[in-house]
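**Student:** Can you keep this structure in mind? I'll have questions shortly.
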Amino acid sequence: MDYNITQKVMIDTFNLDEVVEFAENPEPRCPCVLLLDTSGSMEGERIEALNQGLLSLKDELVKNSLASRRVEVAIITFDSNVNVVQDFVTADQFNPPILTAQGLTIMGSAIHKALDLIQERKSQYRTNGIAYYRPWVFMITDGEPQGELDHVVEQAAQRLQGDESNKRVAFFTVGVENANMSRLSQIAVRSPLKLKGLNFIEMFVWLSASMSAVSHSQVDEQVALPPIGWGSV
Amino acid sequence: MNTSKQISQWRIVAASVCGTSHTKNQQLCQDAHHWQLLANNVLVIAAADGAGSAKLGKVGSMIAVETAIDHLSRQEMTSDSLANDDVLRYLLTDAMLVARTSIETEADVCNHQLHDLATTLILMIATPEVVAVGQVGDGLAVAKNGMGNLIALTIPSNGEYINQTTFLTSLDGLETAQFKICRDEIVNVGVLTDGLQMLALNMIVGEPHKPFFFPLFEFVANAEDRVLAKEHLMRFLSSDKITQRTDDDLTLILAAFINS
């Protein structure tokens, strides 16, 4: 009898969340490279709208506590040079830069840089036992490759096609206003999207929602992304 | 003392709860589990995680666990037959195949695509002397032996990306299944789906986390009142401490062999 009573009391007062301890694992990461055209034609309204958009990306990502710890943003700009203006950083640590526009559009070199950056990041994840999601690259341009040799662009396009078909990356292209959409569709595997006006804010809100959805997903293949209201194919 | 009624037996506590991300989107819990106690202290356990991206992941996972356990419970399992590794492996493979076929039939009859019912499946046959596991996809199965050692029976099978896994319904689902047979004095077994993986496994070394499992094993060993224990487990799985760390569906099946 005593035995049974003891057992009964024990289970009644057994508070699992006080006694069970969890493994401390690094958060899985969901890397996203923003590949941004900062050539001369972006000057004025366009670059200002883009800068505003980046602020809204940060604001949206931090609203979601899991996404803010899992989504990692890196920013590469391309004009006459390719610059990593922000290396990978989780959304909660991300301080959007203020970009300025000048020069040409060396898009091919920029694509190479983005794919390099992703490759390096993946190897860092693996070395540190960090699980990760399929990286995204989001390229935004109002033009087409300009100021570099054709074969650099050609090589970048081929490399991108290989990386897409091996699922190493998901590469999205967004054309702004006068962007050469047919040239862009020769470079990227996924159909480029045309931004409506300078609706960068809506686009980045969408990007944040999509990255959040991905960073919560347990099985990939088809994560249902929110509908695109900011652009068209 | 009224110990004469106490006999050697398995104690089992199991629960599946809906993840907060699914609750938010009014989705069903895609996890399912089932278990049955057979003659000769043979315990069979199944846990399945229906793909969140599949339209009918819940249907797939429920068919998988129900069919597999029903099939296993009708097989003859004697201490002789279970002494043979090939028999154990056959039993698990066969039950997986039957579960897969049953999902295919459902897809056919209802005019669905097979991948709409995509699900993982973990199957376990446990006795006090041996535990055997077959697993397609992610999730985790562990055991504790008489020496108090925690044994990793399976590890999650992910692709390069954490949100990728293999399904019972995948083309190569059964070919890529993990099998593990462990002959030892089995005191506890535990099975969980991927929602708890990050909490129960040290990812860097790929080992189950003792401070996670040991208190839970103690809990199930003392779980005399099964209904109450299940309530405790469900409350635990829905507690803030857990939902802060994971928003996925969670399944945890715990068993203890009580020798009295």
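Every chain in the structure tokens takes a letter, A first, then B, and so on in the order presented; its residues are numbered from 1, and the ligands are numbered from 1 following the presented order.
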Give as a ChimeraX atom specification every residue of chain B that touches chain A within 8 Å, counting only C-alpha atoms.
**Tutor:** /B:1-2,21,51-53,160-165,198-204,209,211-216,219,222-225,229,232-233,236,239,241,247-248
**Student:** Fewer than 3 positions away in the same chain doesn't count, so skip those; otherwise give me all residues within 6 Å of range 27-38 of chain B, counting only C-alpha atoms, as a compact mmCIF listing (two decimals) with C-alpha atoms, in the first residue's frame.
**Tutor:**
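The resulting file, part.txt, is reproduced below:
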```txt
# COMPACT_ATOMS: atom_id res chain seq x y z
CA CYS B 18 0.49 19.88 -32.86
CA HIS B 22 0.64 24.40 -37.50
CA THR B 23 -1.82 25.61 -34.88
CA VAL B 42 7.09 -7.87 -27.16
CA LEU B 43 6.38 -4.19 -27.62
CA VAL B 44 5.89 -2.75 -31.10
CA ILE B 45 6.05 1.01 -31.67
CA ALA B 46 5.51 3.19 -34.73
CA ALA B 47 5.95 6.94 -35.20
CA ALA B 48 5.48 8.88 -38.41
CA ASP B 49 5.83 12.49 -39.48
CA GLY B 50 3.69 13.48 -42.43
CA GLY B 57 0.66 14.37 -44.69
CA LYS B 58 -1.62 13.59 -41.75
CA SER B 61 1.36 9.29 -41.29
CA MET B 62 -1.80 7.78 -39.77
CA VAL B 65 1.54 3.74 -38.16
```
**Student:** Could you pull the residues within 6 Å of Thr193 in chain B, counting only C-alpha atoms, minus those fewer than 2 positions along the same chain, as a ChimeraX atom specification?
**Tutor:** /B:139,195,251
**Student:** I'd like the neighbourhood of Leu150 in chain B as a ChimeraX atom specification, where a residue qualifies if any of its atoms comes within 12 Å (using only C-alpha atoms), though same-chain residues fewer than 3 positions away should be ignored.
**Tutor:** /B:141-147,153,182,184-190,201,207-214,217
**Student:** Let's have the selection written as a PDB file, in the first residue's frame, with N, CA and C atoms.
**Tutor:**
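Resulting contents of again.pdb:
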```
ATOM      1  N   ALA B 141      15.601   7.077 -32.604  1.00  0.00           N
ATOM      2  CA  ALA B 141      15.220   6.012 -31.680  1.00  0.00           C
ATOM      3  C   ALA B 141      16.394   5.713 -30.763  1.00  0.00           C
ATOM      4  N   VAL B 142      16.121   5.555 -29.478  1.00  0.00           N
ATOM      5  CA  VAL B 142      17.184   5.282 -28.509  1.00  0.00           C
ATOM      6  C   VAL B 142      16.764   4.155 -27.569  1.00  0.00           C
ATOM      7  N   ALA B 143      17.736   3.614 -26.844  1.00  0.00           N
ATOM      8  CA  ALA B 143      17.443   2.632 -25.817  1.00  0.00           C
ATOM      9  C   ALA B 143      18.402   2.859 -24.654  1.00  0.00           C
ATOM     10  N   LYS B 144      17.985   2.422 -23.469  1.00  0.00           N
ATOM     11  CA  LYS B 144      18.905   2.428 -22.323  1.00  0.00           C
ATOM     12  C   LYS B 144      19.066   0.985 -21.870  1.00  0.00           C
ATOM     13  N   ASN B 145      20.311   0.580 -21.644  1.00  0.00           N
ATOM     14  CA  ASN B 145      20.522  -0.809 -21.230  1.00  0.00           C
ATOM     15  C   ASN B 145      20.629  -0.933 -19.709  1.00  0.00           C
ATOM     16  N   GLY B 146      20.795  -2.160 -19.241  1.00  0.00           N
ATOM     17  CA  GLY B 146      20.831  -2.451 -17.818  1.00  0.00           C
ATOM     18  C   GLY B 146      21.988  -1.772 -17.100  1.00  0.00           C
ATOM     19  N   MET B 147      23.048  -1.431 -17.838  1.00  0.00           N
ATOM     20  CA  MET B 147      24.194  -0.738 -17.266  1.00  0.00           C
ATOM     21  C   MET B 147      23.948   0.763 -17.141  1.00  0.00           C
ATOM     22  N   LEU B 153      20.073   4.269 -31.438  1.00  0.00           N
ATOM     23  CA  LEU B 153      19.739   3.191 -32.369  1.00  0.00           C
ATOM     24  C   LEU B 153      19.726   3.719 -33.794  1.00  0.00           C
ATOM     25  N   CYS B 182      19.901  -4.300 -31.538  1.00  0.00           N
ATOM     26  CA  CYS B 182      20.771  -4.216 -30.378  1.00  0.00           C
ATOM     27  C   CYS B 182      20.349  -5.293 -29.374  1.00  0.00           C
ATOM     28  N   ASP B 184      20.818  -6.716 -25.859  1.00  0.00           N
ATOM     29  CA  ASP B 184      21.347  -6.211 -24.597  1.00  0.00           C
ATOM     30  C   ASP B 184      20.195  -6.340 -23.593  1.00  0.00           C
ATOM     31  N   GLU B 185      20.485  -6.038 -22.339  1.00  0.00           N
ATOM     32  CA  GLU B 185      19.384  -5.961 -21.384  1.00  0.00           C
ATOM     33  C   GLU B 185      18.715  -4.601 -21.600  1.00  0.00           C
ATOM     34  N   ILE B 186      17.511  -4.621 -22.183  1.00  0.00           N
ATOM     35  CA  ILE B 186      16.854  -3.370 -22.544  1.00  0.00           C
ATOM     36  C   ILE B 186      15.944  -2.910 -21.402  1.00  0.00           C
ATOM     37  N   VAL B 187      16.237  -1.744 -20.872  1.00  0.00           N
ATOM     38  CA  VAL B 187      15.466  -1.211 -19.747  1.00  0.00           C
ATOM     39  C   VAL B 187      14.458  -0.166 -20.230  1.00  0.00           C
ATOM     40  N   ASN B 188      14.917   0.671 -21.176  1.00  0.00           N
ATOM     41  CA  ASN B 188      14.052   1.730 -21.713  1.00  0.00           C
ATOM     42  C   ASN B 188      14.210   1.816 -23.217  1.00  0.00           C
ATOM     43  N   VAL B 189      13.157   2.248 -23.855  1.00  0.00           N
ATOM     44  CA  VAL B 189      13.285   2.657 -25.254  1.00  0.00           C
ATOM     45  C   VAL B 189      12.544   3.978 -25.440  1.00  0.00           C
ATOM     46  N   GLY B 190      12.969   4.723 -26.435  1.00  0.00           N
ATOM     47  CA  GLY B 190      12.321   5.991 -26.745  1.00  0.00           C
ATOM     48  C   GLY B 190      12.353   6.235 -28.241  1.00  0.00           C
ATOM     49  N   LEU B 201      19.128  15.735 -29.213  1.00  0.00           N
ATOM     50  CA  LEU B 201      20.327  15.224 -29.853  1.00  0.00           C
ATOM     51  C   LEU B 201      21.407  16.298 -29.832  1.00  0.00           C
ATOM     52  N   GLU B 207      25.041  12.540 -30.928  1.00  0.00           N
ATOM     53  CA  GLU B 207      24.660  11.602 -29.867  1.00  0.00           C
ATOM     54  C   GLU B 207      23.420  12.082 -29.122  1.00  0.00           C
ATOM     55  N   PRO B 208      22.584  11.129 -28.695  1.00  0.00           N
ATOM     56  CA  PRO B 208      21.418  11.539 -27.910  1.00  0.00           C
ATOM     57  C   PRO B 208      21.853  12.173 -26.584  1.00  0.00           C
ATOM     58  N   HIS B 209      21.055  13.137 -26.131  1.00  0.00           N
ATOM     59  CA  HIS B 209      21.402  13.943 -24.972  1.00  0.00           C
ATOM     60  C   HIS B 209      20.842  13.276 -23.705  1.00  0.00           C
ATOM     61  N   LYS B 210      21.749  12.770 -22.869  1.00  0.00           N
ATOM     62  CA  LYS B 210      21.310  12.035 -21.672  1.00  0.00           C
ATOM     63  C   LYS B 210      20.382  12.825 -20.763  1.00  0.00           C
ATOM     64  N   PRO B 211      20.715  14.108 -20.456  1.00  0.00           N
ATOM     65  CA  PRO B 211      19.829  14.868 -19.550  1.00  0.00           C
ATOM     66  C   PRO B 211      18.438  15.105 -20.131  1.00  0.00           C
ATOM     67  N   PHE B 212      18.269  14.819 -21.406  1.00  0.00           N
ATOM     68  CA  PHE B 212      16.930  14.865 -21.988  1.00  0.00           C
ATOM     69  C   PHE B 212      16.210  13.546 -21.716  1.00  0.00           C
ATOM     70  N   PHE B 213      16.861  12.441 -22.019  1.00  0.00           N
ATOM     71  CA  PHE B 213      16.176  11.152 -21.965  1.00  0.00           C
ATOM     72  C   PHE B 213      16.045  10.569 -20.561  1.00  0.00           C
ATOM     73  N   PHE B 214      17.073  10.735 -19.728  1.00  0.00           N
ATOM     74  CA  PHE B 214      17.044  10.020 -18.452  1.00  0.00           C
ATOM     75  C   PHE B 214      15.867  10.420 -17.538  1.00  0.00           C
ATOM     76  N   PHE B 217      12.808   8.807 -18.921  1.00  0.00           N
ATOM     77  CA  PHE B 217      12.760   7.365 -18.670  1.00  0.00           C
ATOM     78  C   PHE B 217      12.348   7.089 -17.221  1.00  0.00           C
TER      79      PHE B 217
END
```
**Student:** Name all residues at most 6 Å from range 87-99 of chain A (count only C-alpha atoms; drop same-chain ones fewer than 2 positions away) and give them as number ranges by chain.
**Tutor:** A: 51, 54-55, 62, 68-69, 71-74
**Student:** Restricting it to N, CA and C atoms, dump the selection as a PDB file, in the first residue's frame.
**Tutor:**
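Output below, filename result_33.pdb:
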```pdb
ATOM      1  N   ASN A  51      17.080  51.454 -50.441  1.00  0.00           N
ATOM      2  CA  ASN A  51      17.533  51.623 -49.053  1.00  0.00           C
ATOM      3  C   ASN A  51      16.367  51.523 -48.070  1.00  0.00           C
ATOM      4  N   LEU A  54      15.428  47.895 -47.672  1.00  0.00           N
ATOM      5  CA  LEU A  54      16.315  47.119 -46.802  1.00  0.00           C
ATOM      6  C   LEU A  54      15.941  47.303 -45.337  1.00  0.00           C
ATOM      7  N   LEU A  55      15.552  48.544 -44.983  1.00  0.00           N
ATOM      8  CA  LEU A  55      15.123  48.797 -43.599  1.00  0.00           C
ATOM      9  C   LEU A  55      13.886  47.973 -43.276  1.00  0.00           C
ATOM     10  N   VAL A  62      12.821  40.741 -37.842  1.00  0.00           N
ATOM     11  CA  VAL A  62      12.949  40.690 -36.383  1.00  0.00           C
ATOM     12  C   VAL A  62      11.595  40.510 -35.690  1.00  0.00           C
ATOM     13  N   SER A  68      14.418  35.594 -36.944  1.00  0.00           N
ATOM     14  CA  SER A  68      15.471  36.557 -36.635  1.00  0.00           C
ATOM     15  C   SER A  68      16.744  35.866 -36.164  1.00  0.00           C
ATOM     16  N   ARG A  69      16.609  34.639 -35.663  1.00  0.00           N
ATOM     17  CA  ARG A  69      17.799  33.904 -35.238  1.00  0.00           C
ATOM     18  C   ARG A  69      18.314  32.971 -36.339  1.00  0.00           C
ATOM     19  N   VAL A  71      17.526  33.330 -40.038  1.00  0.00           N
ATOM     20  CA  VAL A  71      17.800  33.907 -41.352  1.00  0.00           C
ATOM     21  C   VAL A  71      19.090  34.718 -41.272  1.00  0.00           C
ATOM     22  N   GLU A  72      20.012  34.420 -42.182  1.00  0.00           N
ATOM     23  CA  GLU A  72      21.262  35.172 -42.253  1.00  0.00           C
ATOM     24  C   GLU A  72      21.283  35.947 -43.560  1.00  0.00           C
ATOM     25  N   VAL A  73      21.552  37.242 -43.443  1.00  0.00           N
ATOM     26  CA  VAL A  73      21.561  38.109 -44.617  1.00  0.00           C
ATOM     27  C   VAL A  73      23.000  38.514 -44.930  1.00  0.00           C
ATOM     28  N   ALA A  74      23.345  38.497 -46.221  1.00  0.00           N
ATOM     29  CA  ALA A  74      24.608  39.091 -46.682  1.00  0.00           C
ATOM     30  C   ALA A  74      24.247  40.011 -47.845  1.00  0.00           C
TER      31      ALA A  74
END
```
**Student:** What residues in range 75-207 of chain B get the DSSP label strand (DSSP E or B)? Please answer as a PDB file with C-alpha atoms, in the first residue's frame.
**Tutor:**
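Final output, saved to out_36.pdb:
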```
ATOM      1  CA  THR B 119       5.487  10.561 -44.500  1.00  0.00           C
ATOM      2  CA  LEU B 121       8.230   6.100 -40.518  1.00  0.00           C
ATOM      3  CA  ILE B 122      10.069   4.712 -37.506  1.00  0.00           C
ATOM      4  CA  LEU B 123       9.246   1.152 -36.454  1.00  0.00           C
ATOM      5  CA  MET B 124      10.524  -0.555 -33.336  1.00  0.00           C
ATOM      6  CA  ILE B 125      10.260  -4.077 -31.937  1.00  0.00           C
ATOM      7  CA  ALA B 126      11.397  -4.205 -28.325  1.00  0.00           C
ATOM      8  CA  VAL B 130      16.569  -7.082 -27.855  1.00  0.00           C
ATOM      9  CA  VAL B 131      15.470  -3.955 -29.623  1.00  0.00           C
ATOM     10  CA  ALA B 132      15.242  -3.595 -33.405  1.00  0.00           C
ATOM     11  CA  VAL B 133      14.490  -0.427 -35.330  1.00  0.00           C
ATOM     12  CA  GLY B 134      13.818   0.418 -38.939  1.00  0.00           C
ATOM     13  CA  GLN B 135      13.581   4.044 -39.980  1.00  0.00           C
ATOM     14  CA  VAL B 136      12.886   5.947 -43.160  1.00  0.00           C
ATOM     15  CA  LEU B 140      15.387   9.279 -33.615  1.00  0.00           C
ATOM     16  CA  ALA B 141      15.220   6.012 -31.680  1.00  0.00           C
ATOM     17  CA  VAL B 142      17.184   5.282 -28.509  1.00  0.00           C
ATOM     18  CA  ALA B 143      17.443   2.632 -25.817  1.00  0.00           C
ATOM     19  CA  LYS B 144      18.905   2.428 -22.323  1.00  0.00           C
ATOM     20  CA  ASN B 145      20.522  -0.809 -21.230  1.00  0.00           C
ATOM     21  CA  LEU B 150      22.104   5.401 -23.535  1.00  0.00           C
ATOM     22  CA  ILE B 151      22.292   3.801 -26.968  1.00  0.00           C
ATOM     23  CA  ALA B 152      21.610   5.680 -30.201  1.00  0.00           C
ATOM     24  CA  LEU B 153      19.739   3.191 -32.369  1.00  0.00           C
ATOM     25  CA  THR B 154      19.135   5.508 -35.288  1.00  0.00           C
ATOM     26  CA  ASN B 158      18.663  14.494 -43.524  1.00  0.00           C
ATOM     27  CA  THR B 165      14.521  14.118 -45.717  1.00  0.00           C
ATOM     28  CA  GLN B 178      18.273   2.546 -41.489  1.00  0.00           C
ATOM     29  CA  PHE B 179      18.154  -0.664 -39.494  1.00  0.00           C
ATOM     30  CA  LYS B 180      19.645  -1.351 -36.119  1.00  0.00           C
ATOM     31  CA  ILE B 181      19.424  -4.381 -33.892  1.00  0.00           C
ATOM     32  CA  CYS B 182      20.771  -4.216 -30.378  1.00  0.00           C
ATOM     33  CA  ARG B 183      20.948  -7.318 -28.173  1.00  0.00           C
ATOM     34  CA  ILE B 186      16.854  -3.370 -22.544  1.00  0.00           C
ATOM     35  CA  VAL B 187      15.466  -1.211 -19.747  1.00  0.00           C
ATOM     36  CA  ASN B 188      14.052   1.730 -21.713  1.00  0.00           C
ATOM     37  CA  VAL B 189      13.285   2.657 -25.254  1.00  0.00           C
ATOM     38  CA  GLY B 190      12.321   5.991 -26.745  1.00  0.00           C
ATOM     39  CA  VAL B 191      11.192   7.157 -30.175  1.00  0.00           C
ATOM     40  CA  LEU B 192      10.696  10.723 -31.315  1.00  0.00           C
ATOM     41  CA  LEU B 201      20.327  15.224 -29.853  1.00  0.00           C
ATOM     42  CA  ASN B 202      23.749  16.830 -29.650  1.00  0.00           C
ATOM     43  CA  GLU B 207      24.660  11.602 -29.867  1.00  0.00           C
TER      44      GLU B 207
END
```
**Student:** For a test of reading the model, state the distance in Å between CA of Val220 in chain B and CA of Ser73 in chain B, rounded to one decimal.
**Tutor:** 22.9 Å
